[in-house]
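Containing PDB, C-alpha atoms: my_file20.pdb.
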```pdb
ATOM      1  CA  MET A 615      35.650 -23.393 -10.752  1.00  0.00           C
ATOM      2  CA  LEU A 616      34.071 -20.128 -11.946  1.00  0.00           C
ATOM      3  CA  ARG A 617      31.708 -22.055 -14.187  1.00  0.00           C
ATOM      4  CA  GLY A 618      30.608 -24.114 -11.189  1.00  0.00           C
ATOM      5  CA  ARG A 619      29.932 -21.023  -9.099  1.00  0.00           C
ATOM      6  CA  SER A 620      27.907 -19.452 -11.906  1.00  0.00           C
ATOM      7  CA  ARG A 621      25.823 -22.597 -12.160  1.00  0.00           C
ATOM      8  CA  VAL A 622      25.128 -22.571  -8.408  1.00  0.00           C
ATOM      9  CA  ARG A 623      24.113 -18.891  -8.516  1.00  0.00           C
ATOM     10  CA  ALA A 624      21.760 -19.587 -11.439  1.00  0.00           C
ATOM     11  CA  VAL A 625      20.118 -22.473  -9.569  1.00  0.00           C
ATOM     12  CA  LEU A 626      19.692 -20.372  -6.408  1.00  0.00           C
ATOM     13  CA  LEU A 627      18.157 -17.486  -8.368  1.00  0.00           C
ATOM     14  CA  LEU A 628      15.726 -19.801 -10.147  1.00  0.00           C
ATOM     15  CA  GLY A 629      14.771 -21.393  -6.846  1.00  0.00           C
ATOM     16  CA  PHE A 630      14.108 -17.989  -5.286  1.00  0.00           C
ATOM     17  CA  PHE A 631      11.896 -16.928  -8.197  1.00  0.00           C
ATOM     18  CA  ILE A 632       9.872 -20.164  -8.053  1.00  0.00           C
ATOM     19  CA  GLY A 633       9.512 -19.925  -4.280  1.00  0.00           C
ATOM     20  CA  ALA A 634       8.397 -16.329  -4.414  1.00  0.00           C
ATOM     21  CA  SER A 635       5.891 -17.096  -7.152  1.00  0.00           C
ATOM     22  CA  GLY A 636       4.290 -19.729  -4.931  1.00  0.00           C
ATOM     23  CA  CYS A 637       3.427 -17.029  -2.381  1.00  0.00           C
ATOM     24  CA  ALA A 638       1.724 -14.732  -4.888  1.00  0.00           C
ATOM     25  CA  HIS A 639      -1.967 -13.983  -5.096  1.00  0.00           C
ATOM     26  CA  ARG A 640      -3.677 -16.045  -7.736  1.00  0.00           C
ATOM     27  CA  GLY A 641      -3.131 -14.535 -11.197  1.00  0.00           C
ATOM     28  CA  GLU A 642      -0.002 -12.582 -10.263  1.00  0.00           C
ATOM     29  CA  ARG A 643       3.656 -13.098 -11.036  1.00  0.00           C
ATOM     30  CA  VAL A 644       6.038 -11.918  -8.365  1.00  0.00           C
ATOM     31  CA  ALA A 645       8.806  -9.527  -9.305  1.00  0.00           C
ATOM     32  CA  VAL A 646      12.174 -10.239  -7.749  1.00  0.00           C
ATOM     33  CA  GLY A 647      14.832  -7.576  -7.750  1.00  0.00           C
ATOM     34  CA  VAL A 648      16.550  -8.639 -10.981  1.00  0.00           C
ATOM     35  CA  PRO A 649      16.308  -6.836 -14.341  1.00  0.00           C
ATOM     36  CA  GLY A 650      13.660  -8.315 -16.588  1.00  0.00           C
ATOM     37  CA  ALA A 651      11.522  -9.794 -13.797  1.00  0.00           C
ATOM     38  CA  VAL A 652       7.787  -9.261 -14.373  1.00  0.00           C
ATOM     39  CA  GLN A 653       4.729  -8.933 -12.152  1.00  0.00           C
ATOM     40  CA  THR A 654       1.109  -8.423 -13.172  1.00  0.00           C
ATOM     41  CA  GLY A 655      -1.797  -7.105 -11.130  1.00  0.00           C
ATOM     42  CA  TYR A 656      -3.507  -3.800 -10.428  1.00  0.00           C
ATOM     43  CA  ALA A 657      -2.067  -0.346  -9.766  1.00  0.00           C
ATOM     44  CA  SER A 658      -3.477   2.553  -7.774  1.00  0.00           C
ATOM     45  CA  TRP A 659      -2.021   5.901  -6.753  1.00  0.00           C
ATOM     46  CA  TYR A 660      -1.674   8.180  -3.742  1.00  0.00           C
ATOM     47  CA  GLY A 661      -1.094  11.899  -3.319  1.00  0.00           C
ATOM     48  CA  LYS A 662      -2.472  14.106  -0.569  1.00  0.00           C
ATOM     49  CA  PRO A 663      -2.471  13.899   2.431  1.00  0.00           C
ATOM     50  CA  PHE A 664       0.842  11.976   2.193  1.00  0.00           C
ATOM     51  CA  ASN A 665       2.658  14.732   0.312  1.00  0.00           C
ATOM     52  CA  GLY A 666       5.546  15.985   2.458  1.00  0.00           C
ATOM     53  CA  ARG A 667       5.495  13.004   4.833  1.00  0.00           C
ATOM     54  CA  PRO A 668       8.349  10.481   5.238  1.00  0.00           C
ATOM     55  CA  THR A 669       8.132   7.309   3.140  1.00  0.00           C
ATOM     56  CA  ALA A 670       9.142   3.857   4.390  1.00  0.00           C
ATOM     57  CA  SER A 671      12.621   4.447   2.926  1.00  0.00           C
ATOM     58  CA  GLY A 672      13.061   7.648   4.945  1.00  0.00           C
ATOM     59  CA  GLU A 673      12.792   9.824   1.850  1.00  0.00           C
ATOM     60  CA  ILE A 674      10.253  12.642   1.938  1.00  0.00           C
ATOM     61  CA  TYR A 675       7.313  11.823  -0.328  1.00  0.00           C
ATOM     62  CA  ASN A 676       6.864  14.231  -3.223  1.00  0.00           C
ATOM     63  CA  MET A 677       3.716  13.538  -5.201  1.00  0.00           C
ATOM     64  CA  TYR A 678       5.279  15.319  -8.194  1.00  0.00           C
ATOM     65  CA  ASP A 679       8.230  12.886  -8.441  1.00  0.00           C
ATOM     66  CA  LEU A 680       8.056   9.680 -10.492  1.00  0.00           C
ATOM     67  CA  THR A 681       8.107   7.260  -7.551  1.00  0.00           C
ATOM     68  CA  ALA A 682       6.021   4.371  -6.257  1.00  0.00           C
ATOM     69  CA  ALA A 683       5.307   2.077  -3.323  1.00  0.00           C
ATOM     70  CA  HIS A 684       5.839  -1.698  -3.632  1.00  0.00           C
ATOM     71  CA  LYS A 685       5.547  -4.424  -1.010  1.00  0.00           C
ATOM     72  CA  THR A 686       8.918  -6.141  -1.500  1.00  0.00           C
ATOM     73  CA  LEU A 687      11.162  -4.615  -4.176  1.00  0.00           C
ATOM     74  CA  PRO A 688      14.331  -2.999  -2.783  1.00  0.00           C
ATOM     75  CA  PHE A 689      14.267   0.767  -2.401  1.00  0.00           C
ATOM     76  CA  GLY A 690      15.831   2.456  -5.409  1.00  0.00           C
ATOM     77  CA  THR A 691      14.666  -0.228  -7.859  1.00  0.00           C
ATOM     78  CA  ARG A 692      13.548   1.265 -11.179  1.00  0.00           C
ATOM     79  CA  VAL A 693      10.390  -0.280 -12.620  1.00  0.00           C
ATOM     80  CA  ARG A 694       8.503   0.242 -15.864  1.00  0.00           C
ATOM     81  CA  VAL A 695       4.757   0.249 -15.222  1.00  0.00           C
ATOM     82  CA  THR A 696       2.681  -0.522 -18.326  1.00  0.00           C
ATOM     83  CA  ARG A 697      -1.088  -0.390 -18.409  1.00  0.00           C
ATOM     84  CA  ARG A 698      -2.428  -3.608 -19.881  1.00  0.00           C
ATOM     85  CA  ASP A 699      -5.610  -1.921 -21.100  1.00  0.00           C
ATOM     86  CA  THR A 700      -4.128   1.102 -22.907  1.00  0.00           C
ATOM     87  CA  GLY A 701      -0.409   0.330 -23.310  1.00  0.00           C
ATOM     88  CA  ALA A 702       0.640   3.612 -21.644  1.00  0.00           C
ATOM     89  CA  SER A 703       3.786   3.268 -19.541  1.00  0.00           C
ATOM     90  CA  VAL A 704       5.977   5.177 -17.097  1.00  0.00           C
ATOM     91  CA  VAL A 705       9.266   4.447 -15.321  1.00  0.00           C
ATOM     92  CA  VAL A 706       9.245   4.912 -11.547  1.00  0.00           C
ATOM     93  CA  ARG A 707      11.633   4.433  -8.631  1.00  0.00           C
ATOM     94  CA  ILE A 708      10.539   2.437  -5.574  1.00  0.00           C
ATOM     95  CA  ASN A 709      10.863   4.464  -2.370  1.00  0.00           C
ATOM     96  CA  ASP A 710       7.890   3.370  -0.244  1.00  0.00           C
ATOM     97  CA  ARG A 711       5.949   0.304   0.923  1.00  0.00           C
ATOM     98  CA  GLY A 712       2.402  -0.583  -0.104  1.00  0.00           C
ATOM     99  CA  PRO A 713      -0.271  -0.851  -1.359  1.00  0.00           C
ATOM    100  CA  PHE A 714      -2.339  -2.360   1.451  1.00  0.00           C
ATOM    101  CA  VAL A 715      -5.280  -3.549  -0.618  1.00  0.00           C
ATOM    102  CA  ARG A 716      -5.536  -7.104  -1.899  1.00  0.00           C
ATOM    103  CA  ASN A 717      -4.600  -7.689  -5.569  1.00  0.00           C
ATOM    104  CA  ARG A 718      -2.997  -4.259  -5.926  1.00  0.00           C
ATOM    105  CA  ILE A 719       0.730  -4.563  -6.525  1.00  0.00           C
ATOM    106  CA  ILE A 720       1.942  -0.964  -6.790  1.00  0.00           C
ATOM    107  CA  ASP A 721       0.933   2.510  -5.612  1.00  0.00           C
ATOM    108  CA  LEU A 722       2.109   5.248  -7.980  1.00  0.00           C
ATOM    109  CA  SER A 723       2.819   8.851  -7.090  1.00  0.00           C
ATOM    110  CA  TYR A 724       0.392  11.428  -8.470  1.00  0.00           C
ATOM    111  CA  ALA A 725       2.857  12.467 -11.190  1.00  0.00           C
ATOM    112  CA  ALA A 726       3.427   8.867 -12.311  1.00  0.00           C
ATOM    113  CA  ALA A 727      -0.302   8.143 -12.291  1.00  0.00           C
ATOM    114  CA  LYS A 728      -0.956  11.234 -14.405  1.00  0.00           C
ATOM    115  CA  LYS A 729       1.564  10.045 -17.018  1.00  0.00           C
ATOM    116  CA  ILE A 730      -0.562   6.967 -17.759  1.00  0.00           C
ATOM    117  CA  GLY A 731      -4.033   8.361 -17.034  1.00  0.00           C
ATOM    118  CA  LEU A 732      -4.375   6.548 -13.732  1.00  0.00           C
ATOM    119  CA  ASP A 733      -5.168   9.788 -11.907  1.00  0.00           C
ATOM    120  CA  ILE A 734      -8.528   9.699 -13.692  1.00  0.00           C
ATOM    121  CA  ASP A 735      -9.266   5.956 -13.600  1.00  0.00           C
ATOM    122  CA  GLY A 736      -8.008   5.360 -10.055  1.00  0.00           C
ATOM    123  CA  VAL A 737      -7.204   1.663 -10.542  1.00  0.00           C
ATOM    124  CA  ALA A 738      -6.010  -0.159 -13.665  1.00  0.00           C
ATOM    125  CA  PRO A 739      -4.442  -3.507 -14.663  1.00  0.00           C
ATOM    126  CA  VAL A 740      -0.690  -3.186 -15.144  1.00  0.00           C
ATOM    127  CA  ARG A 741       2.494  -5.094 -15.881  1.00  0.00           C
ATOM    128  CA  LEU A 742       5.657  -4.277 -13.914  1.00  0.00           C
ATOM    129  CA  THR A 743       9.058  -4.857 -15.487  1.00  0.00           C
ATOM    130  CA  VAL A 744      12.127  -4.476 -13.280  1.00  0.00           C
ATOM    131  CA  LEU A 745      14.753  -2.342 -15.035  1.00  0.00           C
ATOM    132  CA  GLY A 746      17.467  -2.236 -12.389  1.00  0.00           C
ATOM    133  CA  GLY A 747      18.501  -0.961  -9.010  1.00  0.00           C
ATOM    134  CA  GLY A 748      19.818   2.295  -7.663  1.00  0.00           C
ATOM    135  CA  VAL A 749      20.531   4.272  -4.549  1.00  0.00           C
ATOM    136  CA  THR A 750      17.561   5.894  -2.858  1.00  0.00           C
ATOM    137  CA  PRO A 751      18.407   9.399  -1.612  1.00  0.00           C
ATOM    138  CA  ARG A 752      17.288  10.300   1.919  1.00  0.00           C
ATOM    139  CA  ARG A 753      15.747  13.746   1.764  1.00  0.00           C
ATOM    140  CA  THR A 754      15.948  15.835   4.904  1.00  0.00           C
ATOM    141  CA  ALA A 755      15.504  19.226   3.240  1.00  0.00           C
ATOM    142  CA  SER A 756      12.351  21.306   3.050  1.00  0.00           C
ATOM    143  CA  PRO A 757       9.082  19.607   1.992  1.00  0.00           C
ATOM    144  CA  PRO A 758       8.334  19.189  -1.744  1.00  0.00           C
ATOM    145  CA  ARG A 759       6.999  21.893  -3.990  1.00  0.00           C
ATOM    146  CA  SER A 760       3.239  22.125  -4.136  1.00  0.00           C
ATOM    147  CA  PRO A 761       0.921  24.699  -5.686  1.00  0.00           C
ATOM    148  CA  GLN A 762      -1.491  24.292  -2.770  1.00  0.00           C
ATOM    149  CA  PRO A 763      -0.966  24.062   1.005  1.00  0.00           C
ATOM    150  CA  ARG A 764       0.053  20.575   2.110  1.00  0.00           C
ATOM    151  CA  THR A 765      -2.257  18.631   4.360  1.00  0.00           C
ATOM    152  CA  ARG A 766      -1.548  15.911   6.915  1.00  0.00           C
ATOM    153  CA  PRO A 767      -3.769  13.140   8.250  1.00  0.00           C
ATOM    154  CA  SER A 768      -5.374  13.917  11.582  1.00  0.00           C
ATOM    155  CA  PRO A 769      -3.862  12.199  14.655  1.00  0.00           C
ATOM    156  CA  PRO A 770      -5.110   8.703  15.613  1.00  0.00           C
ATOM    157  CA  ALA A 771      -8.600   8.863  17.038  1.00  0.00           C
ATOM    158  CA  ALA A 772     -10.063   6.796  19.837  1.00  0.00           C
ATOM    159  CA  ALA A 773     -13.628   7.329  18.623  1.00  0.00           C
ATOM    160  CA  PRO A 774     -15.409   7.769  15.280  1.00  0.00           C
ATOM    161  CA  GLU A 775     -15.193  11.153  13.631  1.00  0.00           C
ATOM    162  CA  PRO A 776     -18.314  13.271  12.928  1.00  0.00           C
ATOM    163  CA  GLY A 777     -20.630  11.620  10.447  1.00  0.00           C
ATOM    164  CA  THR A 778     -19.963   8.054  11.581  1.00  0.00           C
ATOM    165  CA  MET A 779     -22.251   5.955  13.776  1.00  0.00           C
ATOM    166  CA  SER A 780     -22.295   7.399  17.291  1.00  0.00           C
ATOM    167  CA  HIS A 781     -23.620   4.336  19.157  1.00  0.00           C
ATOM    168  CA  GLY A 782     -22.397   0.777  19.375  1.00  0.00           C
ATOM    169  CA  CYS A 783     -19.350  -1.116  20.531  1.00  0.00           C
ATOM    170  CA  TRP A 784     -18.798  -3.623  17.710  1.00  0.00           C
ATOM    171  CA  TRP A 785     -16.033  -3.011  15.177  1.00  0.00           C
ATOM    172  CA  VAL A 786     -14.345  -4.604  12.190  1.00  0.00           C
ATOM    173  CA  GLN A 787     -10.577  -4.513  12.675  1.00  0.00           C
ATOM    174  CA  ILE A 788      -8.853  -4.680   9.292  1.00  0.00           C
ATOM    175  CA  GLY A 789      -5.310  -4.761  10.660  1.00  0.00           C
ATOM    176  CA  SER A 790      -2.821  -3.788  13.346  1.00  0.00           C
ATOM    177  CA  PHE A 791       0.238  -1.833  12.183  1.00  0.00           C
ATOM    178  CA  GLN A 792       3.505  -1.167  13.965  1.00  0.00           C
ATOM    179  CA  ASP A 793       4.217   1.798  11.667  1.00  0.00           C
ATOM    180  CA  GLU A 794       1.753   4.623  12.344  1.00  0.00           C
ATOM    181  CA  ASP A 795       2.083   5.969   8.780  1.00  0.00           C
ATOM    182  CA  ASN A 796       0.946   2.613   7.410  1.00  0.00           C
ATOM    183  CA  ALA A 797      -2.084   2.696   9.721  1.00  0.00           C
ATOM    184  CA  LEU A 798      -2.942   6.227   8.572  1.00  0.00           C
ATOM    185  CA  ARG A 799      -2.653   5.201   4.912  1.00  0.00           C
ATOM    186  CA  ALA A 800      -4.961   2.241   5.487  1.00  0.00           C
ATOM    187  CA  ARG A 801      -7.467   4.531   7.218  1.00  0.00           C
ATOM    188  CA  GLU A 802      -7.406   7.006   4.330  1.00  0.00           C
ATOM    189  CA  ILE A 803      -7.924   4.233   1.766  1.00  0.00           C
ATOM    190  CA  LEU A 804     -10.940   3.001   3.724  1.00  0.00           C
ATOM    191  CA  LYS A 805     -12.362   6.520   4.001  1.00  0.00           C
ATOM    192  CA  ILE A 806     -11.949   7.091   0.265  1.00  0.00           C
ATOM    193  CA  ASN A 807     -14.101   3.976  -0.212  1.00  0.00           C
ATOM    194  CA  GLY A 808     -16.778   5.318   2.139  1.00  0.00           C
ATOM    195  CA  GLN A 809     -15.857   3.336   5.262  1.00  0.00           C
ATOM    196  CA  PRO A 810     -15.935   5.094   8.698  1.00  0.00           C
ATOM    197  CA  ALA A 811     -12.420   4.052   9.714  1.00  0.00           C
ATOM    198  CA  VAL A 812     -10.445   5.155  12.773  1.00  0.00           C
ATOM    199  CA  VAL A 813      -7.011   4.418  14.211  1.00  0.00           C
ATOM    200  CA  MET A 814      -6.826   3.209  17.817  1.00  0.00           C
ATOM    201  CA  PRO A 815      -3.714   2.663  19.952  1.00  0.00           C
ATOM    202  CA  GLY A 816      -2.916  -0.979  20.636  1.00  0.00           C
ATOM    203  CA  PRO A 817      -0.446  -2.873  22.846  1.00  0.00           C
ATOM    204  CA  ASN A 818       3.319  -2.757  22.252  1.00  0.00           C
ATOM    205  CA  GLY A 819       3.109   0.413  20.172  1.00  0.00           C
ATOM    206  CA  PHE A 820       0.852  -1.060  17.472  1.00  0.00           C
ATOM    207  CA  HIS A 821      -1.928   0.922  15.775  1.00  0.00           C
ATOM    208  CA  ARG A 822      -5.275  -0.766  15.173  1.00  0.00           C
ATOM    209  CA  VAL A 823      -7.325   0.268  12.155  1.00  0.00           C
ATOM    210  CA  ARG A 824     -11.031  -0.331  12.714  1.00  0.00           C
ATOM    211  CA  VAL A 825     -14.280   0.332  10.862  1.00  0.00           C
ATOM    212  CA  GLY A 826     -17.423   1.163  12.836  1.00  0.00           C
ATOM    213  CA  PRO A 827     -18.778   1.170  15.410  1.00  0.00           C
ATOM    214  CA  TYR A 828     -21.838  -1.010  14.849  1.00  0.00           C
ATOM    215  CA  ALA A 829     -24.808  -1.508  17.155  1.00  0.00           C
ATOM    216  CA  SER A 830     -24.684  -5.313  17.042  1.00  0.00           C
ATOM    217  CA  ARG A 831     -22.373  -8.185  16.234  1.00  0.00           C
ATOM    218  CA  HIS A 832     -24.683  -9.078  13.357  1.00  0.00           C
ATOM    219  CA  ASP A 833     -24.156  -5.668  11.740  1.00  0.00           C
ATOM    220  CA  ALA A 834     -20.404  -5.932  12.252  1.00  0.00           C
ATOM    221  CA  GLU A 835     -20.339  -9.405  10.668  1.00  0.00           C
ATOM    222  CA  ARG A 836     -22.176  -8.083   7.620  1.00  0.00           C
ATOM    223  CA  ALA A 837     -19.591  -5.313   7.309  1.00  0.00           C
ATOM    224  CA  ARG A 838     -16.736  -7.795   7.696  1.00  0.00           C
ATOM    225  CA  ARG A 839     -18.073  -9.859   4.798  1.00  0.00           C
ATOM    226  CA  ARG A 840     -18.040  -6.751   2.609  1.00  0.00           C
ATOM    227  CA  LEU A 841     -14.508  -5.797   3.669  1.00  0.00           C
ATOM    228  CA  ILE A 842     -12.771  -9.166   3.665  1.00  0.00           C
ATOM    229  CA  THR A 843     -12.246  -9.232  -0.116  1.00  0.00           C
ATOM    230  CA  ASP A 844      -9.907  -6.239   0.019  1.00  0.00           C
ATOM    231  CA  TRP A 845      -8.783  -6.712   3.630  1.00  0.00           C
ATOM    232  CA  PRO A 846      -8.343 -10.479   4.262  1.00  0.00           C
ATOM    233  CA  PRO A 847      -7.295 -10.079   7.952  1.00  0.00           C
ATOM    234  CA  ALA A 848     -10.612  -8.335   8.783  1.00  0.00           C
ATOM    235  CA  GLN A 849     -12.180  -9.603  12.001  1.00  0.00           C
ATOM    236  CA  VAL A 850     -15.002  -8.566  14.320  1.00  0.00           C
ATOM    237  CA  VAL A 851     -13.963  -7.179  17.717  1.00  0.00           C
ATOM    238  CA  SER A 852     -15.891  -5.657  20.596  1.00  0.00           C
ATOM    239  CA  THR A 853     -15.256  -2.857  23.075  1.00  0.00           C
ATOM    240  CA  CYS A 854     -18.480  -3.609  24.979  1.00  0.00           C
ATOM    241  CA  SER A 855     -17.989  -3.728  28.731  1.00  0.00           C
ATOM    242  CA  GLY A 856     -17.977  -7.283  29.983  1.00  0.00           C
ATOM    243  CA  SER A 857     -17.574  -8.826  26.512  1.00  0.00           C
TER
END
```
Show me, as structure tokens, the structure contained in the file I just sent.
Amino acid sequence: MLRGRSRVRAVLLLGFFIGASGCAHRGERVAVGVPGAVQTGYASWYGKPFNGRPTASGEIYNMYDLTAAHKTLPFGTRVRVTRRDTGASVVVRINDRGPFVRNRIIDLSYAAAKKIGLDIDGVAPVRLTVLGGGVTPRRTASPPRSPQPRTRPSPPAAAPEPGTMSHGCWWVQIGSFQDEDNALRAREILKINGQPAVVMPGPNGFHRVRVGPYASRHDAERARRRLITDWPPAQVVSTCSGS
């Protein structure tokens, strides 16, 4: 009887791994939450202005802890991240969700990135190996230590910030997020890459992340074609009166 149950569990686990792999981006292997599972892709990192803010798990983000954001792995999962170009590796604990850029599979904390030289390179090819699970602590104490004053993203804006285009009513919307923190992270990633992104309130409590504005639909379409590689949901929208 026990042997039969073990066989059924093995079949179910194999089926889950195969099914998950079918949903992966081309060239990636999907990590399920079992020790030894592997995923390959690209890693990036994040630090300020998210230091001291709540993560998706409810834990306060400390850029000096060895933690990371992953799209699906359970919170508390320990993962070894190995650079495929240099062989450097670090063990991190998953306590957040992300990254929100296509083909990137993990966002490391600043401390973890520094361990493998990613703080200098920014993005690098990596291999993730699941080591095991754990319990994620929920931190409600004072914000993390930091040698410099912590910063926070500015509140959602309804119009472009100084330095962006001041005329036009055509935009490229890269996504709509229910979680405001996720919208703010997406905006910061876009700004780091030189895109004039803003967050606008949407219906039902959602937060729209848009790039622009542009003077014409043609200009917005050109921008969408540049953005769609990293942001597949990107679409052109208009706030022109009567459109």
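Between atom CA of Thr654 of chain A and atom CA of Asp699 of chain A there is a distance of 12.3 Å.
Distances to Arg836 of chain A were evaluated for A:Ala702, A:Ser852, A:Gly736, A:Val786 using all atoms listed in the file, and the minimum falls at A:Val786.
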For this session: Run the PyMOL selection byres ((chain A and resi 676) around 7) against the file shown and list the residues it catches, as number ranges by chain.
Result: A: 665-666, 674-675, 677-679, 758
For this session: Expand the PyMOL selection byres ((chain A and resi 707) around 6) into the individual residues it matches in the shown file, reporting them as an MDAnalysis selection string.
Result: chainID A and resid 681 690:692 706 708
For this session: Go ahead and compute the interatomic distance for atom CA of Gly782 of chain A and atom CA of Cys854 of chain A, in Å to one decimal.
Result: 8.1 Å
Problem set entry | Selection dump of the PyMOL selection byres ((chain A and resi 745) around 10), as number ranges by chain | A: 647-652, 691-694, 705-707, 742-744, 746-747
Could you give me, as a PDB file with C-alpha atoms, in the coordinates of the input, the residues within 6 Å of segment 827-835 of chain A, counting all atoms listed in the file and dropping anything in the same chain fewer than 6 positions from it?
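The resulting file, part_31.pdb, is shown below:
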```
ATOM      1  CA  GLY A 782     -22.397   0.777  19.375  1.00  0.00           C
ATOM      2  CA  CYS A 783     -19.350  -1.116  20.531  1.00  0.00           C
ATOM      3  CA  TRP A 784     -18.798  -3.623  17.710  1.00  0.00           C
ATOM      4  CA  TRP A 785     -16.033  -3.011  15.177  1.00  0.00           C
TER       5      TRP A 785
END
```
Seminar exercise, completed: Expressed in Å, the length from atom CA of Ala727 of chain A to atom CA of Lys805 of chain A is 20.3 Å
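Restricting the calculation to all atoms listed in the file, the smallest distance between Gln809 of chain A and any of A:Arg822, A:Arg838, A:Arg711, A:Arg716 is found for A:Arg838.
Each of A:Val740, A:Pro668, A:Ala682, A:Val715 was compared to Glu802 of chain A using only C-alpha atoms, and A:Val715 turns out to be the nearest.
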For this session: Counting all atoms listed in the file, select every polymer residue within 6 Å of (-0.3, -1.0, 15.9) as defined in the file's coordinates, and provide the selection as a ChimeraX atom specification.
Result: /A:790-792,816,819-822
Seminar exercise, completed: Across A:Trp845, A:Tyr724, A:Phe714, A:Phe689, the smallest distance to Gly672 of chain A, with all atoms listed in the file counted, is shown by A:Phe689
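Of the listed residues (A:Ile719, A:Val825, A:Val695, A:Val704), A:Ile719 comes nearest to Ala683 of chain A; the distances count all atoms listed in the file.
Using only C-alpha atoms for every distance, the candidate list A:Ile806, A:Val813, A:Ala725, A:Ile788 yields A:Ile788 as the residue closest to Ala848 of chain A.
A search radius of 12 Å centred on (-7.1, -7.0, -2.1), applied to all atoms listed in the file, returns the residues His639, Arg640, Gly655, Tyr656, Ala657, Ser658, Gly712, Pro713, Phe714, Val715, Arg716, Asn717, Arg718, Ile719, Ile720, Ile788, Ile803, Arg840, Leu841, Ile842, Thr843, Asp844, Trp845, Pro846, Pro847 and Ala848 of chain A.
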